[in-house]
There are 2 protein chains.
Amino acid sequence: MTAAAQDERLARATLTYLAEPGDPWLAALVRECGAPRAVAAVREGRFPAGSQPGGGGRPALRAIERWRVRLGEVPQAGDLARLRDHGIRLLCPGDPQWPAGLAALADGEPYALWLRGAMPDLADACRRSVAIVGSRAATAYGSYVAAEMAATLAARGWTVVSGGAYGIDGCAHRGALAGSGVSIAVMACGVDRHYPAGHTQLLDAVAAGGAIVSEWPPGRSPTRIRFLVRNRVIAAMTGGTLVIEAGRRSGALNTARHARDLCRPLMAVPGPVTSDLSAGCHSVIRDWNGVLVTGADDVIECLSSDAGIPRAGHGRDPAVVADTASAAVPPADTAAGTSQARDALDREAYAVLDALPARGGMSTGDLSVRSGLTPGVVLGKLAMLTVGGFAERTDTGWKASRRAKT
Amino acid sequence: MTAAAQDERLARATLTYLAEPGDPWLAALVRECGAPRAVAAVREGRFPAGSQPGGGGRPALRAIERWRVRLGEVPQAGDLARLRDHGIRLLCPGDPQWPAGLAALADGEPYALWLRGAMPDLADACRRSVAIVGSRAATAYGSYVAAEMAATLAARGWTVVSGGAYGIDGCAHRGALAGSGVSIAVMACGVDRHYPAGHTQLLDAVAAGGAIVSEWPPGRSPTRIRFLVRNRVIAAMTGGTLVIEAGRRSGALNTARHARDLCRPLMAVPGPVTSDLSAGCHSVIRDWNGVLVTGADDVIECLSSDAGIPRAGHGRDPAVVADTASAAVPPADTAAGTSQARDALDREAYAVLDALPARGGMSTGDLSVRSGLTPGVVLGKLAMLTVGGFAERTDTGWKASRRAKT
């Protein structure tokens with residue numbers, strides 16, 4: 001690594017200590033003069049000659065003052081080496097492992113990402129990835145669906161990204177591990193912190209095959225605002241965001257909004273309208289044009305299609321099935337084989353089938369009256385129904401076979 | 001009533017006995033030469049001079065033969081009077097009480113409708129009406145939602161139309177009655193039949209304040225094909241169709257397709273993705289652009305807006321709520337008053353609030369480091385938080401008030 005590259009890395013690491021992620025002043029400063037000169041400017045307490053982010057003036061100076069508050073916390077070169085010994089790496093924009101999707105955060109791209117875990121290539125893992133987010137107070141239903149879908153997605157080679165929290169997040173990570181897949185937890189605190197404490201084992205398991213990732217430097221605690229800031233990274237680094245259970249005020253909806261604003265596929269799992277924890281999901285589908293998904297297949301289809309544009313009238317047509325099916329026999333009562341054969345019947349054959357008695361026998365004349373078809377047509381359809389196993393001849397006429405009544 | 005009008009009524013009543021509803025040949029014949037001459041043609045076994053529906057030929061003659069099969073069942077003038085004595089009326093296209101929406105069934109408008117019940121004006125009742133349809137094997141969830149929504153809609157003056165079947169249909173009718181509203185059951189059999197037998201009381205209750213309606217003449221039995229044919233009338237006479245629980249092969253999806261084809265508002269209630277009986281509803285929302293509704297308010301909004309066109313990005317914006325809400329505190333833990341006040345906080349006030357300890361006290365200098373804000377800003381925000389009841393001064397500095405942690 002060249003000395004300049006090393007300077008760049010150290011500067012970016014320093015920036016994660018000095019400023020909260022997504023700081024628009026710092027982003028402007030780094031864009032204008034690069035990370036090393038931005039750090040130097042903070043140390044000196046004034047902007048580089050000729051550089052006046054946001055037109056300069058008092059707000060810009062207040063920003064510098066804000067960053068200087070944390071100058072005492074910045075690491076030295078040796079500190080980074082020590083962190084590396086503890087399995088904590090630094091990724092910077094431009095690194096081959098930097099997830100491509102983060103570039104979409106035009107003004108708020110992370111200064112750098114801290115990473116702990118065995119994952120060899122974060123960029124590669126994010127290429128086929130999905131964010132699974134939702135309420136921390138998940139119900140048994142949401143927990144089951146999250147684990148199930150994450151397991152299937154992971155088993156099919158999709159990286160499951162979530163926030164490491166209780167509830168849906170935890171179920172998504174656990175499901176991914178159960179599916180022998182790769183998972184990434186994006187934290188609102190340092191990657192060395194186990195937050196929440198109850199997920200210490202789970203986070204270590206995620207790290208063992210995947211990654212714990214954060215914009216904040218090691219040691220930092222999670223705060224409310226940091227969860228919200230973190231959410232934009234979850235939305236940006238993944239191929240799409242799936243919401244499974246979220247109340248109307250859930251932080252998961254914040255992640256969902258980032259996904260929408262970034263034009264990434266946005267999906268939600270519906271649930272009972274009687275459950276407050278599905279209200280947010282229904283809002284995503286109804287008010288944000290989120291795609292309603294009911295299983296991993298739907299998710300993969302959505303992620304593989306044109307970036308989340310709702311498909312109007314595409315795909316399956318329920319009426320094609322419903323129209324040919326029996327309207328009066330509940331599906332549960334219908335053996336699959338019979339119903340498939342029945343789908344092949346035309347309207348007139350149906351009418352004859354309906355007219356047939358279950359017992360005894362009926363003449364073709366009576367069948368004609370009952371079905372409203374001519375005797376000739378009735379005879380033709382009876383032949384077809386007999387071959388299909390739906391009708392049979394008795395001593396006194398025609399009756400429906402047992403199969404027809406199943 | 002003029003003699004011609006009486007002839008027309010008797011002819012249309014006769015047609016309901018001769019042919020199955022929606023017969024395209026008969027519709028063409030009636031369009032060409034009117035109902036009385038159509039009936040005469042059937043009696044004579046040949047088309048009127050100059051009239052050749054569908055270009056005439058063998059298929060047209062076969063249609064006439066089909067209708068002649070039931071000539072022995074047609075009523076006499078006295079029969080209609082007798083039916084009237086039993087509370088059964090006949091409605092014909094052109095009658096003031098004829099529901100306007102049925103005209104949309106261009107080629108398959110009913111020849112007439114048979115009606116039993118106290119409802120004074122069917123057309124008026126249909127002006128603010130909604131079809132509620134769904135599975136006969138409904139779950140407790142679907143049954144509850146159907147009854148609840150029907151009751152609210154009925155109480156607000158909307159007529160609830162359904163098919164009188166077990167399951168969702170029955171719950172919709174019962175809900176409407178419970179809401180002291182008006183209900184209509186559209187049958188696939190004669191209006192004098194109580195089908196299913198278990199709904200004898202319910203159907204009589206529906207008739208007592210509303211109507212039992214059918215295209216089939218009194219006495220006719222329901223058959224599978226008749227349920228499907230009947231469904232187009234449910235979709236056409238109402239302002240929109242709402243599906244509550246439907247399997248992938250449910251007959252309710254057939255009604256839904258008619259509503260879609262007629263460009264009527266089409267709505268569905270989502271449910272657990274683990275329930276087969278919600279699969280059809282999810283298909284309606286996802287594949288047919290049906291509107292996801294979660295309550296009676298949604299239904300009324302949909303019925304009152306531009307005919308069922310899915311509203312993209314309209315209405316509530318969940319992120320507006322989610323963004324300002326706490327991401328780390330589950331909604332259930334948040335008192336409404338506190339959360340409203342908290343919504344008024346800006347990002348910096350949030351950062352200070354997050355930095356405040358729950359016990360003891362912290363200096364403004366430490367708060368500055370922890371929040372990443374200058375000491376001056378921290379002091380300003382602390383003043384605001386104190387006034388808002390979120391922060392308080394202690395002997396050793398600042399701490400969060402109890403209210404802030406709820």
# chains A, B, ... in the order shown; residues from 1 in each chain; ligands from 1
>>> residues_around(residues="Leu122 in chain B", least_positions_apart="4", cutoff="12 Å", atoms="only C-alpha atoms", output="PyMOL selection string")
chain B and resi 89-92+95-102+113-118+126-129+159+161+182-186+209-213+237-238
>>> calpha_fit_and_write(fixed="chain A", moving="chain B", output="short mmCIF file (atom, residue, chain, number, x, y, z; two decimals) with C-alpha atoms, in the first residue's frame")
data_model
loop_
_atom_site.label_atom_id
_atom_site.label_comp_id
_atom_site.auth_asym_id
_atom_site.auth_seq_id
_atom_site.Cartn_x
_atom_site.Cartn_y
_atom_site.Cartn_z
CA MET B 1 0.10 0.22 0.13
CA THR B 2 1.44 3.65 -0.75
CA ALA B 3 1.93 6.26 1.92
CA ALA B 4 -0.86 8.32 0.35
CA ALA B 5 -3.23 5.35 0.51
CA GLN B 6 -2.29 4.80 4.14
CA ASP B 7 -2.91 8.47 4.88
CA GLU B 8 -6.31 8.21 3.20
CA ARG B 9 -7.27 5.18 5.30
CA LEU B 10 -6.13 6.74 8.56
CA ALA B 11 -7.96 9.94 7.67
CA ARG B 12 -11.21 8.10 6.93
CA ALA B 13 -10.91 6.09 10.12
CA THR B 14 -10.41 9.38 11.94
CA LEU B 15 -13.50 10.89 10.33
CA THR B 16 -15.65 8.07 11.74
CA TYR B 17 -14.47 9.14 15.19
CA LEU B 18 -14.94 12.87 14.65
CA ALA B 19 -18.35 13.15 13.04
CA GLU B 20 -21.64 11.34 13.03
CA PRO B 21 -22.25 9.52 9.75
CA GLY B 22 -24.20 11.35 7.08
CA ASP B 23 -23.02 14.80 8.19
CA PRO B 24 -23.67 16.90 5.07
CA TRP B 25 -20.96 19.47 5.93
CA LEU B 26 -18.27 16.86 6.28
CA ALA B 27 -19.40 15.09 3.12
CA ALA B 28 -19.04 18.38 1.24
CA LEU B 29 -15.61 19.03 2.72
CA VAL B 30 -14.35 15.52 1.87
CA ARG B 31 -15.73 15.82 -1.65
CA GLU B 32 -13.92 19.12 -2.11
CA CYS B 33 -10.50 18.35 -0.74
CA GLY B 34 -10.30 14.69 0.25
CA ALA B 35 -10.28 12.98 3.63
CA PRO B 36 -6.71 13.80 4.78
CA ARG B 37 -7.13 17.53 4.20
CA ALA B 38 -10.57 17.42 5.81
CA VAL B 39 -9.03 15.91 8.94
CA ALA B 40 -6.28 18.53 8.88
CA ALA B 41 -8.93 21.24 8.61
CA VAL B 42 -10.68 19.95 11.70
CA ARG B 43 -7.41 19.86 13.62
CA GLU B 44 -6.63 23.44 12.57
CA GLY B 45 -10.17 24.65 13.19
CA ARG B 46 -10.53 26.31 9.81
CA PHE B 47 -11.34 25.32 6.26
CA PRO B 48 -8.50 24.91 3.76
CA ALA B 49 -7.74 28.03 1.73
CA GLY B 50 -10.23 28.30 -1.12
CA SER B 51 -12.60 25.69 0.31
CA GLN B 52 -15.89 26.96 1.69
CA PRO B 53 -18.39 24.08 1.98
CA GLY B 54 -21.95 25.29 1.79
CA GLY B 55 -20.70 28.80 1.00
CA GLY B 56 -18.80 28.93 4.28
CA GLY B 57 -19.91 31.39 6.92
CA ARG B 58 -21.08 30.72 10.47
CA PRO B 59 -22.90 27.39 9.85
CA ALA B 60 -19.74 25.93 8.30
CA LEU B 61 -17.63 27.10 11.23
CA ARG B 62 -20.13 25.68 13.70
CA ALA B 63 -19.75 22.31 11.93
CA ILE B 64 -15.97 22.42 12.41
CA GLU B 65 -16.42 23.28 16.08
CA ARG B 66 -18.76 20.28 16.41
CA TRP B 67 -16.16 17.88 15.00
CA ARG B 68 -13.34 19.35 17.12
CA VAL B 69 -15.22 18.32 20.25
CA ARG B 70 -14.16 14.69 19.60
CA LEU B 71 -10.55 15.35 18.59
CA GLY B 72 -9.36 13.69 21.79
CA GLU B 73 -10.86 10.37 20.68
CA VAL B 74 -9.15 9.95 17.33
CA PRO B 75 -6.96 6.88 16.90
CA GLN B 76 -3.28 6.76 16.13
CA ALA B 77 -1.75 4.58 13.41
CA GLY B 78 -0.92 1.95 16.04
CA ASP B 79 -4.55 1.80 17.18
CA LEU B 80 -5.69 0.60 13.76
CA ALA B 81 -3.08 -2.17 13.82
CA ARG B 82 -4.31 -3.24 17.24
CA LEU B 83 -7.93 -3.34 16.01
CA ARG B 84 -6.79 -5.46 13.06
CA ASP B 85 -5.28 -7.91 15.53
CA HIS B 86 -8.74 -8.15 17.10
CA GLY B 87 -10.24 -9.06 13.72
CA ILE B 88 -11.64 -5.63 13.03
CA ARG B 89 -11.02 -4.28 9.54
CA LEU B 90 -11.62 -0.94 7.89
CA LEU B 91 -13.21 -0.66 4.45
CA CYS B 92 -13.06 2.59 2.49
CA PRO B 93 -14.85 3.84 -0.62
CA GLY B 94 -12.80 2.71 -3.58
CA ASP B 95 -11.72 -0.54 -1.93
CA PRO B 96 -12.56 -3.58 -4.08
CA GLN B 97 -14.65 -4.90 -1.18
CA TRP B 98 -16.69 -1.68 -0.87
CA PRO B 99 -20.37 -2.53 -1.64
CA ALA B 100 -21.28 -0.86 -4.91
CA GLY B 101 -24.77 0.07 -3.72
CA LEU B 102 -23.43 2.52 -1.13
CA ALA B 103 -22.44 4.94 -3.90
CA ALA B 104 -26.18 5.64 -4.28
CA LEU B 105 -26.03 7.50 -0.95
CA ALA B 106 -24.73 10.47 -2.94
CA ASP B 107 -24.37 12.99 -0.12
CA GLY B 108 -24.20 10.57 2.77
CA GLU B 109 -21.90 7.74 1.73
CA PRO B 110 -20.13 6.33 4.77
CA TYR B 111 -16.67 7.82 5.42
CA ALA B 112 -15.65 4.20 5.96
CA LEU B 113 -17.10 0.94 7.27
CA TRP B 114 -15.80 -1.04 10.20
CA LEU B 115 -16.09 -4.78 9.76
CA ARG B 116 -15.73 -7.77 12.04
CA GLY B 117 -16.15 -11.29 10.75
CA ALA B 118 -14.94 -14.03 8.46
CA MET B 119 -16.58 -12.68 5.31
CA PRO B 120 -13.84 -12.43 2.66
CA ASP B 121 -15.52 -9.93 0.34
CA LEU B 122 -18.35 -7.64 1.46
CA ALA B 123 -18.95 -6.30 -2.05
CA ASP B 124 -19.39 -9.78 -3.43
CA ALA B 125 -21.75 -10.80 -0.62
CA CYS B 126 -23.93 -7.74 -1.28
CA ARG B 127 -24.27 -8.46 -4.98
CA ARG B 128 -27.04 -11.00 -4.23
CA SER B 129 -28.43 -9.68 -0.98
CA VAL B 130 -31.69 -8.72 0.65
CA ALA B 131 -32.39 -6.65 3.74
CA ILE B 132 -34.94 -8.25 6.05
CA VAL B 133 -36.24 -5.81 8.61
CA GLY B 134 -39.18 -5.54 10.97
CA SER B 135 -40.50 -5.03 14.43
CA ARG B 136 -38.52 -5.92 17.50
CA ALA B 137 -41.77 -6.93 19.21
CA ALA B 138 -42.51 -9.49 16.49
CA THR B 139 -45.35 -11.98 16.86
CA ALA B 140 -44.97 -15.72 16.51
CA TYR B 141 -46.31 -15.33 12.96
CA GLY B 142 -43.75 -12.71 11.93
CA SER B 143 -40.91 -14.59 13.63
CA TYR B 144 -41.82 -17.77 11.81
CA VAL B 145 -42.12 -16.10 8.41
CA ALA B 146 -38.86 -14.17 8.85
CA ALA B 147 -36.88 -17.26 9.84
CA GLU B 148 -38.48 -19.36 7.11
CA MET B 149 -37.91 -16.88 4.30
CA ALA B 150 -34.38 -16.02 5.46
CA ALA B 151 -33.46 -19.70 5.58
CA THR B 152 -34.75 -20.32 2.05
CA LEU B 153 -33.11 -17.20 0.66
CA ALA B 154 -29.80 -18.00 2.34
CA ALA B 155 -29.91 -21.60 1.16
CA ARG B 156 -30.32 -20.30 -2.39
CA GLY B 157 -27.24 -18.12 -2.11
CA TRP B 158 -28.76 -14.80 -1.09
CA THR B 159 -27.04 -12.84 1.66
CA VAL B 160 -29.45 -11.84 4.42
CA VAL B 161 -28.75 -8.39 5.83
CA SER B 162 -30.40 -7.08 8.98
CA GLY B 163 -29.81 -4.95 12.02
CA GLY B 164 -29.02 -7.52 14.70
CA ALA B 165 -31.94 -6.42 16.89
CA TYR B 166 -34.49 -8.54 18.74
CA GLY B 167 -37.58 -9.69 16.85
CA ILE B 168 -37.60 -9.86 13.06
CA ASP B 169 -33.89 -8.94 12.76
CA GLY B 170 -32.83 -11.79 15.01
CA CYS B 171 -35.13 -14.27 13.27
CA ALA B 172 -33.73 -13.24 9.88
CA HIS B 173 -30.13 -13.75 11.03
CA ARG B 174 -31.00 -17.06 12.70
CA GLY B 175 -32.89 -18.23 9.64
CA ALA B 176 -29.95 -17.40 7.38
CA LEU B 177 -27.60 -19.38 9.63
CA ALA B 178 -30.08 -22.26 9.70
CA GLY B 179 -30.09 -22.16 5.91
CA SER B 180 -26.30 -22.52 6.00
CA GLY B 181 -26.09 -19.13 4.36
CA VAL B 182 -24.29 -15.87 4.87
CA SER B 183 -25.64 -13.06 7.02
CA ILE B 184 -24.57 -9.49 7.69
CA ALA B 185 -25.56 -7.45 10.75
CA VAL B 186 -25.34 -3.70 10.21
CA MET B 187 -25.00 -2.11 13.62
CA ALA B 188 -25.74 1.31 15.10
CA CYS B 189 -22.75 0.93 17.42
CA GLY B 190 -19.16 -0.27 17.25
CA VAL B 191 -18.66 -3.73 15.74
CA ASP B 192 -16.98 -4.80 18.98
CA ARG B 193 -20.15 -4.08 20.96
CA HIS B 194 -22.68 -6.85 21.45
CA TYR B 195 -25.96 -5.07 21.21
CA PRO B 196 -28.44 -6.12 22.34
CA ALA B 197 -26.61 -8.10 25.02
CA GLY B 198 -29.04 -10.99 24.56
CA HIS B 199 -27.75 -11.40 21.01
CA THR B 200 -24.09 -11.83 21.97
CA GLN B 201 -24.00 -15.44 20.80
CA LEU B 202 -26.06 -14.74 17.70
CA LEU B 203 -23.85 -11.85 16.62
CA ASP B 204 -20.74 -13.97 17.11
CA ALA B 205 -22.35 -16.70 15.00
CA VAL B 206 -23.15 -14.12 12.31
CA ALA B 207 -19.54 -12.91 12.39
CA ALA B 208 -18.19 -16.48 12.22
CA GLY B 209 -19.46 -16.95 8.66
CA GLY B 210 -20.43 -13.43 7.69
CA ALA B 211 -19.89 -9.93 8.97
CA ILE B 212 -20.78 -7.37 11.60
CA VAL B 213 -20.60 -3.97 9.92
CA SER B 214 -20.83 -0.41 11.23
CA GLU B 215 -20.19 3.19 10.29
CA TRP B 216 -19.31 3.94 13.90
CA PRO B 217 -15.87 3.19 15.26
CA PRO B 218 -15.29 0.45 17.82
CA GLY B 219 -16.50 1.33 21.27
CA ARG B 220 -19.38 3.57 20.29
CA SER B 221 -22.80 2.91 21.86
CA PRO B 222 -26.05 2.72 19.95
CA THR B 223 -28.43 5.65 20.31
CA ARG B 224 -31.91 6.21 18.92
CA ILE B 225 -30.77 8.57 16.21
CA ARG B 226 -28.00 6.19 15.19
CA PHE B 227 -30.53 3.44 14.41
CA LEU B 228 -32.23 5.76 11.94
CA VAL B 229 -28.92 6.86 10.37
CA ARG B 230 -27.78 3.22 10.16
CA ASN B 231 -30.97 2.24 8.29
CA ARG B 232 -29.93 4.06 5.12
CA VAL B 233 -26.84 1.82 4.90
CA ILE B 234 -28.96 -1.34 5.21
CA ALA B 235 -31.17 -0.12 2.37
CA ALA B 236 -28.28 1.04 0.18
CA MET B 237 -25.92 -1.92 0.45
CA THR B 238 -28.60 -4.53 -0.39
CA GLY B 239 -30.44 -5.46 -3.58
CA GLY B 240 -33.80 -4.78 -1.96
CA THR B 241 -35.59 -4.42 1.35
CA LEU B 242 -38.22 -6.78 2.73
CA VAL B 243 -40.40 -5.67 5.65
CA ILE B 244 -41.87 -8.45 7.78
CA GLU B 245 -44.15 -7.09 10.49
CA ALA B 246 -43.86 -3.44 11.34
CA GLY B 247 -46.14 -1.25 13.39
CA ARG B 248 -47.18 2.09 11.95
CA ARG B 249 -44.28 3.78 13.78
CA SER B 250 -41.70 1.06 13.37
CA GLY B 251 -38.13 1.97 12.54
CA ALA B 252 -38.33 -0.68 9.83
CA LEU B 253 -40.49 1.73 7.84
CA ASN B 254 -37.60 4.17 7.94
CA THR B 255 -35.39 1.56 6.25
CA ALA B 256 -38.23 0.91 3.81
CA ARG B 257 -38.40 4.57 2.92
CA HIS B 258 -34.69 4.67 2.23
CA ALA B 259 -35.09 1.67 -0.10
CA ARG B 260 -37.93 3.43 -1.89
CA ASP B 261 -35.98 6.68 -2.17
CA LEU B 262 -33.02 4.74 -3.56
CA CYS B 263 -35.36 3.06 -6.10
CA ARG B 264 -34.47 -0.35 -4.71
CA PRO B 265 -37.05 -3.13 -4.75
CA LEU B 266 -39.27 -2.70 -1.71
CA MET B 267 -41.28 -5.67 -0.50
CA ALA B 268 -43.56 -6.44 2.41
CA VAL B 269 -45.20 -9.53 3.85
CA PRO B 270 -48.91 -9.04 4.58
CA GLY B 271 -50.52 -10.28 7.75
CA PRO B 272 -53.83 -10.20 9.57
CA VAL B 273 -55.49 -6.79 9.41
CA THR B 274 -56.32 -7.37 13.06
CA SER B 275 -52.60 -7.24 13.94
CA ASP B 276 -51.07 -3.82 14.60
CA LEU B 277 -47.71 -5.27 13.66
CA SER B 278 -48.85 -5.86 10.09
CA ALA B 279 -50.23 -2.34 9.69
CA GLY B 280 -46.87 -0.97 8.58
CA CYS B 281 -46.47 -3.74 6.01
CA HIS B 282 -49.91 -3.01 4.60
CA SER B 283 -48.98 0.66 4.36
CA VAL B 284 -45.85 -0.22 2.44
CA ILE B 285 -47.89 -2.27 -0.06
CA ARG B 286 -50.82 0.08 -0.32
CA ASP B 287 -49.32 3.54 -0.03
CA TRP B 288 -45.77 3.00 -1.28
CA ASN B 289 -46.43 0.49 -4.04
CA GLY B 290 -44.30 -2.05 -2.20
CA VAL B 291 -44.52 -5.52 -3.69
CA LEU B 292 -46.63 -7.96 -1.70
CA VAL B 293 -44.56 -11.10 -1.19
CA THR B 294 -45.70 -14.36 0.35
CA GLY B 295 -42.54 -16.43 0.17
CA ALA B 296 -38.88 -16.62 -0.83
CA ASP B 297 -39.83 -17.30 -4.46
CA ASP B 298 -41.66 -13.98 -4.65
CA VAL B 299 -38.65 -12.20 -3.14
CA ILE B 300 -36.20 -13.71 -5.61
CA GLU B 301 -38.55 -12.91 -8.48
CA CYS B 302 -38.80 -9.31 -7.32
CA LEU B 303 -35.05 -8.92 -6.77
CA SER B 304 -34.32 -10.46 -10.13
CA SER B 305 -36.78 -8.30 -12.07
CA ASP B 306 -36.72 -4.63 -12.99
CA ALA B 307 -35.75 -2.85 -9.80
CA GLY B 308 -38.91 -3.21 -7.77
CA ILE B 309 -41.31 -1.67 -10.22
CA PRO B 310 -44.73 -3.06 -9.28
CA ARG B 311 -45.82 -5.55 -11.89
CA ALA B 312 -49.34 -4.76 -13.03
CA GLY B 313 -51.21 -7.73 -14.36
CA HIS B 314 -48.09 -9.85 -14.78
CA GLY B 315 -47.65 -13.39 -13.66
CA ARG B 316 -50.31 -15.76 -12.54
CA ASP B 317 -53.93 -15.03 -13.34
CA PRO B 318 -55.99 -16.38 -10.47
CA ALA B 319 -59.16 -16.34 -12.60
CA VAL B 320 -57.75 -18.81 -15.07
CA VAL B 321 -57.69 -21.24 -12.21
CA ALA B 322 -60.84 -20.08 -10.46
CA ASP B 323 -63.04 -20.05 -13.53
CA THR B 324 -62.48 -23.64 -14.41
CA ALA B 325 -62.63 -24.81 -10.83
CA SER B 326 -65.74 -25.81 -9.00
CA ALA B 327 -67.38 -22.84 -7.34
CA ALA B 328 -69.51 -24.91 -5.04
CA VAL B 329 -67.02 -27.49 -3.81
CA PRO B 330 -64.46 -26.16 -1.33
CA PRO B 331 -60.91 -26.68 -2.62
CA ALA B 332 -60.04 -28.68 0.48
CA ASP B 333 -62.52 -31.36 -0.56
CA THR B 334 -61.11 -31.74 -4.04
CA ALA B 335 -58.48 -34.34 -4.83
CA ALA B 336 -55.78 -32.81 -7.02
CA GLY B 337 -56.12 -35.39 -9.77
CA THR B 338 -59.86 -35.04 -10.04
CA SER B 339 -59.77 -31.27 -10.06
CA GLN B 340 -57.22 -31.27 -12.86
CA ALA B 341 -59.40 -33.54 -14.96
CA ARG B 342 -62.40 -31.40 -14.12
CA ASP B 343 -60.58 -28.32 -15.38
CA ALA B 344 -60.70 -29.90 -18.83
CA LEU B 345 -64.52 -29.98 -18.87
CA ASP B 346 -66.38 -27.37 -20.92
CA ARG B 347 -69.42 -25.42 -19.80
CA GLU B 348 -71.91 -27.88 -21.24
CA ALA B 349 -70.21 -30.89 -19.69
CA TYR B 350 -70.32 -29.03 -16.39
CA ALA B 351 -74.02 -28.41 -16.80
CA VAL B 352 -74.66 -32.12 -17.37
CA LEU B 353 -72.41 -33.06 -14.45
CA ASP B 354 -74.40 -30.69 -12.26
CA ALA B 355 -77.66 -32.23 -13.39
CA LEU B 356 -76.61 -35.82 -12.63
CA PRO B 357 -78.06 -37.32 -9.44
CA ALA B 358 -75.74 -38.88 -6.87
CA ARG B 359 -77.96 -41.97 -6.52
CA GLY B 360 -80.44 -43.84 -8.69
CA GLY B 361 -80.54 -42.79 -12.32
CA MET B 362 -81.93 -40.08 -14.54
CA SER B 363 -83.08 -40.32 -18.17
CA THR B 364 -81.36 -38.28 -20.84
CA GLY B 365 -84.68 -36.47 -21.34
CA ASP B 366 -84.78 -35.35 -17.71
CA LEU B 367 -81.08 -34.48 -17.85
CA SER B 368 -81.84 -32.37 -20.90
CA VAL B 369 -84.53 -30.42 -19.05
CA ARG B 370 -82.41 -30.03 -15.94
CA SER B 371 -79.29 -28.91 -17.78
CA GLY B 372 -81.06 -26.83 -20.42
CA LEU B 373 -79.24 -28.72 -23.20
CA THR B 374 -80.70 -30.71 -26.06
CA PRO B 375 -80.86 -34.49 -25.57
CA GLY B 376 -78.26 -34.88 -28.34
CA VAL B 377 -75.77 -32.65 -26.58
CA VAL B 378 -76.48 -34.34 -23.26
CA LEU B 379 -75.65 -37.75 -24.74
CA GLY B 380 -72.39 -36.45 -26.19
CA LYS B 381 -71.34 -34.94 -22.90
CA LEU B 382 -72.37 -38.08 -21.00
CA ALA B 383 -69.98 -40.08 -23.15
CA MET B 384 -67.17 -37.68 -22.30
CA LEU B 385 -68.07 -37.69 -18.59
CA THR B 386 -68.17 -41.50 -18.55
CA VAL B 387 -64.72 -41.74 -20.12
CA GLY B 388 -63.49 -39.15 -17.59
CA GLY B 389 -64.89 -41.22 -14.75
CA PHE B 390 -67.45 -38.59 -13.72
CA ALA B 391 -70.65 -40.35 -14.85
CA GLU B 392 -71.92 -43.92 -14.98
CA ARG B 393 -74.92 -45.76 -16.38
CA THR B 394 -77.29 -47.49 -13.99
CA ASP B 395 -80.38 -49.67 -14.49
CA THR B 396 -82.61 -46.60 -14.36
CA GLY B 397 -80.50 -44.08 -16.29
CA TRP B 398 -77.44 -41.97 -15.49
CA LYS B 399 -75.85 -40.93 -12.22
CA ALA B 400 -72.71 -39.15 -11.10
CA SER B 401 -69.84 -41.44 -10.17
CA ARG B 402 -68.26 -41.18 -6.74
CA ARG B 403 -65.31 -39.40 -8.26
CA ALA B 404 -67.52 -36.60 -9.56
CA LYS B 405 -68.75 -35.81 -6.06
CA THR B 406 -65.33 -35.63 -4.41
#
>>> select_by_dssp(residues="range 224-307 of chain A", states="helix (DSSP H, G or I)", output="ChimeraX atom specification")
/A:224-237,252-261,276-287,296-304
>>> select_by_dssp(residues="range 136-272 of chain A", states="strand (DSSP E or B)", output="list in words")
Thr159, Val160, Val161, Ser162, Ser183, Ile184, Ala185, Val186, Met187, Ala211, Ile212, Val213, Ser214, Thr241, Leu242, Val243, Ile244, Leu266, Met267, Ala268 and Val269 of chain A
